[in-house]
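Chemist: The following file, start.txt, comprises compact mmCIF, N, CA and C atoms:
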# COMPACT_ATOMS: atom_id res chain seq x y z
N MET Y 192 18.36 44.75 138.55
CA MET Y 192 17.95 45.15 137.22
C MET Y 192 18.71 46.43 136.84
N ILE Y 193 19.22 46.45 135.63
CA ILE Y 193 19.93 47.63 135.14
C ILE Y 193 18.95 48.49 134.37
N THR Y 194 18.78 49.73 134.82
CA THR Y 194 17.89 50.66 134.15
C THR Y 194 18.63 51.36 133.02
N GLU Y 195 17.90 52.08 132.19
CA GLU Y 195 18.52 52.79 131.06
C GLU Y 195 19.60 53.77 131.51
N PRO Y 196 19.35 54.62 132.54
CA PRO Y 196 20.44 55.51 132.99
C PRO Y 196 21.66 54.74 133.48
N ASP Y 197 21.43 53.61 134.15
CA ASP Y 197 22.56 52.78 134.60
C ASP Y 197 23.34 52.24 133.41
N ALA Y 198 22.62 51.79 132.39
CA ALA Y 198 23.28 51.24 131.20
C ALA Y 198 24.13 52.31 130.53
N VAL Y 199 23.63 53.53 130.49
CA VAL Y 199 24.39 54.64 129.89
C VAL Y 199 25.65 54.90 130.70
N ARG Y 200 25.55 54.89 132.01
CA ARG Y 200 26.73 55.11 132.87
C ARG Y 200 27.76 54.01 132.67
N TRP Y 201 27.31 52.75 132.57
CA TRP Y 201 28.25 51.65 132.35
C TRP Y 201 28.93 51.80 130.99
N GLN Y 202 28.16 52.23 129.99
CA GLN Y 202 28.74 52.42 128.65
C GLN Y 202 29.78 53.54 128.69
N GLN Y 203 29.48 54.63 129.40
CA GLN Y 203 30.43 55.73 129.52
C GLN Y 203 31.70 55.26 130.23
N LEU Y 204 31.56 54.47 131.28
CA LEU Y 204 32.72 53.96 132.00
C LEU Y 204 33.55 53.07 131.08
N ALA Y 205 32.89 52.20 130.32
CA ALA Y 205 33.61 51.32 129.40
C ALA Y 205 34.38 52.14 128.36
N GLN Y 206 33.81 53.24 127.90
CA GLN Y 206 34.50 54.10 126.94
C GLN Y 206 35.73 54.75 127.57
N VAL Y 207 35.60 55.21 128.80
CA VAL Y 207 36.74 55.82 129.49
C VAL Y 207 37.85 54.79 129.68
N VAL Y 208 37.48 53.58 130.10
CA VAL Y 208 38.48 52.53 130.28
C VAL Y 208 39.16 52.22 128.96
N GLY Y 209 38.38 52.11 127.90
CA GLY Y 209 38.95 51.82 126.59
C GLY Y 209 39.91 52.90 126.12
N ARG Y 210 39.52 54.16 126.27
CA ARG Y 210 40.40 55.26 125.87
C ARG Y 210 41.67 55.29 126.71
N THR Y 211 41.54 55.05 128.00
CA THR Y 211 42.71 55.07 128.88
C THR Y 211 43.68 53.96 128.51
N MET Y 212 43.17 52.77 128.25
CA MET Y 212 44.04 51.64 127.94
C MET Y 212 44.67 51.76 126.55
N THR Y 213 43.98 52.38 125.59
CA THR Y 213 44.55 52.49 124.24
C THR Y 213 45.58 53.60 124.14
N ASP Y 214 45.67 54.43 125.17
CA ASP Y 214 46.70 55.47 125.17
C ASP Y 214 48.09 54.86 125.34
N GLY Y 215 48.16 53.59 125.76
CA GLY Y 215 49.41 52.86 125.80
C GLY Y 215 50.22 52.90 127.08
N PRO Y 216 49.70 53.44 128.20
CA PRO Y 216 50.53 53.43 129.41
C PRO Y 216 50.59 52.02 130.01
N ALA Y 217 51.56 51.83 130.89
CA ALA Y 217 51.64 50.57 131.64
C ALA Y 217 50.36 50.42 132.47
N ALA Y 218 50.06 49.20 132.86
CA ALA Y 218 48.80 48.93 133.57
C ALA Y 218 48.64 49.78 134.83
N ALA Y 219 49.69 49.91 135.63
CA ALA Y 219 49.59 50.69 136.87
C ALA Y 219 49.31 52.16 136.56
N GLU Y 220 49.93 52.70 135.52
CA GLU Y 220 49.69 54.09 135.15
C GLU Y 220 48.29 54.25 134.58
N ALA Y 221 47.84 53.27 133.80
CA ALA Y 221 46.48 53.32 133.25
C ALA Y 221 45.46 53.32 134.39
N LEU Y 222 45.70 52.53 135.41
CA LEU Y 222 44.82 52.49 136.57
C LEU Y 222 44.79 53.84 137.28
N ARG Y 223 45.96 54.45 137.46
CA ARG Y 223 46.03 55.76 138.10
C ARG Y 223 45.25 56.79 137.28
N LEU Y 224 45.42 56.77 135.95
CA LEU Y 224 44.71 57.70 135.08
C LEU Y 224 43.20 57.48 135.13
N LEU Y 225 42.79 56.21 135.16
CA LEU Y 225 41.37 55.89 135.24
C LEU Y 225 40.75 56.43 136.51
N VAL Y 226 41.40 56.20 137.64
CA VAL Y 226 40.89 56.70 138.92
C VAL Y 226 40.83 58.23 138.90
N GLN Y 227 41.84 58.87 138.34
CA GLN Y 227 41.85 60.33 138.26
C GLN Y 227 40.69 60.84 137.40
N LYS Y 228 40.43 60.17 136.28
CA LYS Y 228 39.32 60.57 135.41
C LYS Y 228 37.98 60.40 136.12
N ILE Y 229 37.83 59.31 136.87
CA ILE Y 229 36.59 59.10 137.62
C ILE Y 229 36.42 60.18 138.68
N LEU Y 230 37.48 60.48 139.41
CA LEU Y 230 37.40 61.53 140.43
C LEU Y 230 37.07 62.89 139.81
N ASN Y 231 37.70 63.20 138.69
CA ASN Y 231 37.40 64.47 138.01
C ASN Y 231 35.94 64.53 137.59
N HIS Y 232 35.44 63.43 137.07
CA HIS Y 232 34.05 63.37 136.63
C HIS Y 232 33.09 63.55 137.81
N GLN Y 233 33.46 63.05 138.97
CA GLN Y 233 32.61 63.08 140.16
C GLN Y 233 32.86 64.31 141.03
N GLY Y 234 33.63 65.28 140.55
CA GLY Y 234 33.91 66.46 141.37
C GLY Y 234 34.78 66.15 142.56
N GLN Y 235 35.69 65.19 142.41
CA GLN Y 235 36.64 64.77 143.45
C GLN Y 235 35.97 64.07 144.63
N ARG Y 236 34.71 63.66 144.47
CA ARG Y 236 34.00 62.93 145.54
C ARG Y 236 33.41 61.66 144.98
N LEU Y 237 33.74 60.55 145.61
CA LEU Y 237 33.13 59.29 145.22
C LEU Y 237 31.84 59.10 146.00
N ARG Y 238 30.79 58.65 145.30
CA ARG Y 238 29.49 58.50 145.94
C ARG Y 238 29.12 57.04 146.17
N ASP Y 239 29.76 56.14 145.49
CA ASP Y 239 29.43 54.72 145.59
C ASP Y 239 30.69 53.92 145.88
N ASP Y 240 30.49 52.74 146.40
CA ASP Y 240 31.62 51.82 146.57
C ASP Y 240 32.05 51.35 145.18
N ALA Y 241 33.33 51.12 145.03
CA ALA Y 241 33.83 50.63 143.76
C ALA Y 241 35.05 49.76 144.00
N THR Y 242 35.25 48.83 143.12
CA THR Y 242 36.44 47.98 143.18
C THR Y 242 37.10 48.03 141.82
N VAL Y 243 38.39 48.21 141.82
CA VAL Y 243 39.16 48.18 140.58
C VAL Y 243 40.20 47.09 140.75
N LEU Y 244 40.25 46.20 139.79
CA LEU Y 244 41.20 45.08 139.83
C LEU Y 244 42.23 45.28 138.74
N LEU Y 245 43.50 45.27 139.13
CA LEU Y 245 44.59 45.44 138.19
C LEU Y 245 45.26 44.08 137.97
N VAL Y 246 45.29 43.66 136.71
CA VAL Y 246 45.93 42.39 136.35
C VAL Y 246 46.93 42.69 135.24
N GLU Y 247 48.17 42.31 135.46
CA GLU Y 247 49.19 42.50 134.43
C GLU Y 247 49.62 41.16 133.89
Starting from the file, lay out its structure as structure tokens.

Modeler:
Amino acid sequence: MITEPDAVRWQQLAQVVGRTMTDGPAAAEALRLLVQKILNHQGQRLRDDATVLLVE
């Protein structure tokens, strides 16, 4: 079940992905920028498992 705080976090992630992709970099660079933004947001520490799939 997705709770309200979870839904807000997913919405924030979707916004970051959208902004990163609309900046126009190649997919690999967009992926690098996305991971960097996530790390910056988390204080350079990841707390959960995550998978990122890059498809060009």

Chemist: Starting from 5 Å padding per side, set up an axis-aligned box that covers all listed atoms of segment 203-214 of chain Y and hand over centre and edge lengths in Å, one decimal, as lines of an AutoDock Vina configuration file.

Modeler:
center_x = 38.8
center_y = 53.6
center_z = 128.1
size_x = 28.6
size_y = 14.5
size_z = 17.9

Chemist: Just give me the gap between atom N of Thr211 of chain Y and atom N of Asn231 of chain Y in Å, one decimal is fine.

Modeler: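 For atom N of Thr211 of chain Y relative to atom N of Asn231 of chain Y, the distance reads 14.0 Å.
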
Chemist: Which distance in Å separates atom CA of Gln206 of chain Y and atom CA of Val243 of chain Y, to one decimal?

Modeler: 15.6 Å

Chemist: Which value, in Å to one decimal, gives the distance between atom CA of Ala219 of chain Y and atom CA of His232 of chain Y?

Modeler: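 It comes out at 20.1 Å.
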
Chemist: Residues near Ala241 of chain Y, anyone? I mean within 12 Å using only C-alpha atoms, not counting same-chain ones fewer than 2 positions away, as a PDB file with N, CA and C atoms, in the coordinates of the input.

Modeler:
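The resulting around36.pdb:
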ATOM      1  N   VAL Y 226      41.400  56.200 137.640  1.00  0.00           N
ATOM      2  CA  VAL Y 226      40.890  56.700 138.920  1.00  0.00           C
ATOM      3  C   VAL Y 226      40.830  58.230 138.900  1.00  0.00           C
ATOM      4  N   ILE Y 229      37.830  59.310 136.870  1.00  0.00           N
ATOM      5  CA  ILE Y 229      36.590  59.100 137.620  1.00  0.00           C
ATOM      6  C   ILE Y 229      36.420  60.180 138.680  1.00  0.00           C
ATOM      7  N   LEU Y 230      37.480  60.480 139.410  1.00  0.00           N
ATOM      8  CA  LEU Y 230      37.400  61.530 140.430  1.00  0.00           C
ATOM      9  C   LEU Y 230      37.070  62.890 139.810  1.00  0.00           C
ATOM     10  N   LEU Y 237      33.740  60.550 145.610  1.00  0.00           N
ATOM     11  CA  LEU Y 237      33.130  59.290 145.220  1.00  0.00           C
ATOM     12  C   LEU Y 237      31.840  59.100 146.000  1.00  0.00           C
ATOM     13  N   ARG Y 238      30.790  58.650 145.300  1.00  0.00           N
ATOM     14  CA  ARG Y 238      29.490  58.500 145.940  1.00  0.00           C
ATOM     15  C   ARG Y 238      29.120  57.040 146.170  1.00  0.00           C
ATOM     16  N   ASP Y 239      29.760  56.140 145.490  1.00  0.00           N
ATOM     17  CA  ASP Y 239      29.430  54.720 145.590  1.00  0.00           C
ATOM     18  C   ASP Y 239      30.690  53.920 145.880  1.00  0.00           C
ATOM     19  N   VAL Y 243      38.390  48.210 141.820  1.00  0.00           N
ATOM     20  CA  VAL Y 243      39.160  48.180 140.580  1.00  0.00           C
ATOM     21  C   VAL Y 243      40.200  47.090 140.750  1.00  0.00           C
ATOM     22  N   LEU Y 244      40.250  46.200 139.790  1.00  0.00           N
ATOM     23  CA  LEU Y 244      41.200  45.080 139.830  1.00  0.00           C
ATOM     24  C   LEU Y 244      42.230  45.280 138.740  1.00  0.00           C
TER      25      LEU Y 244
END

Chemist: Would you return as an MDAnalysis selection string the members of chain Y that DSSP assigns to alpha helix (DSSP H) on this structure's backbone?

Modeler: chainID Y and resid 195:213 218:232
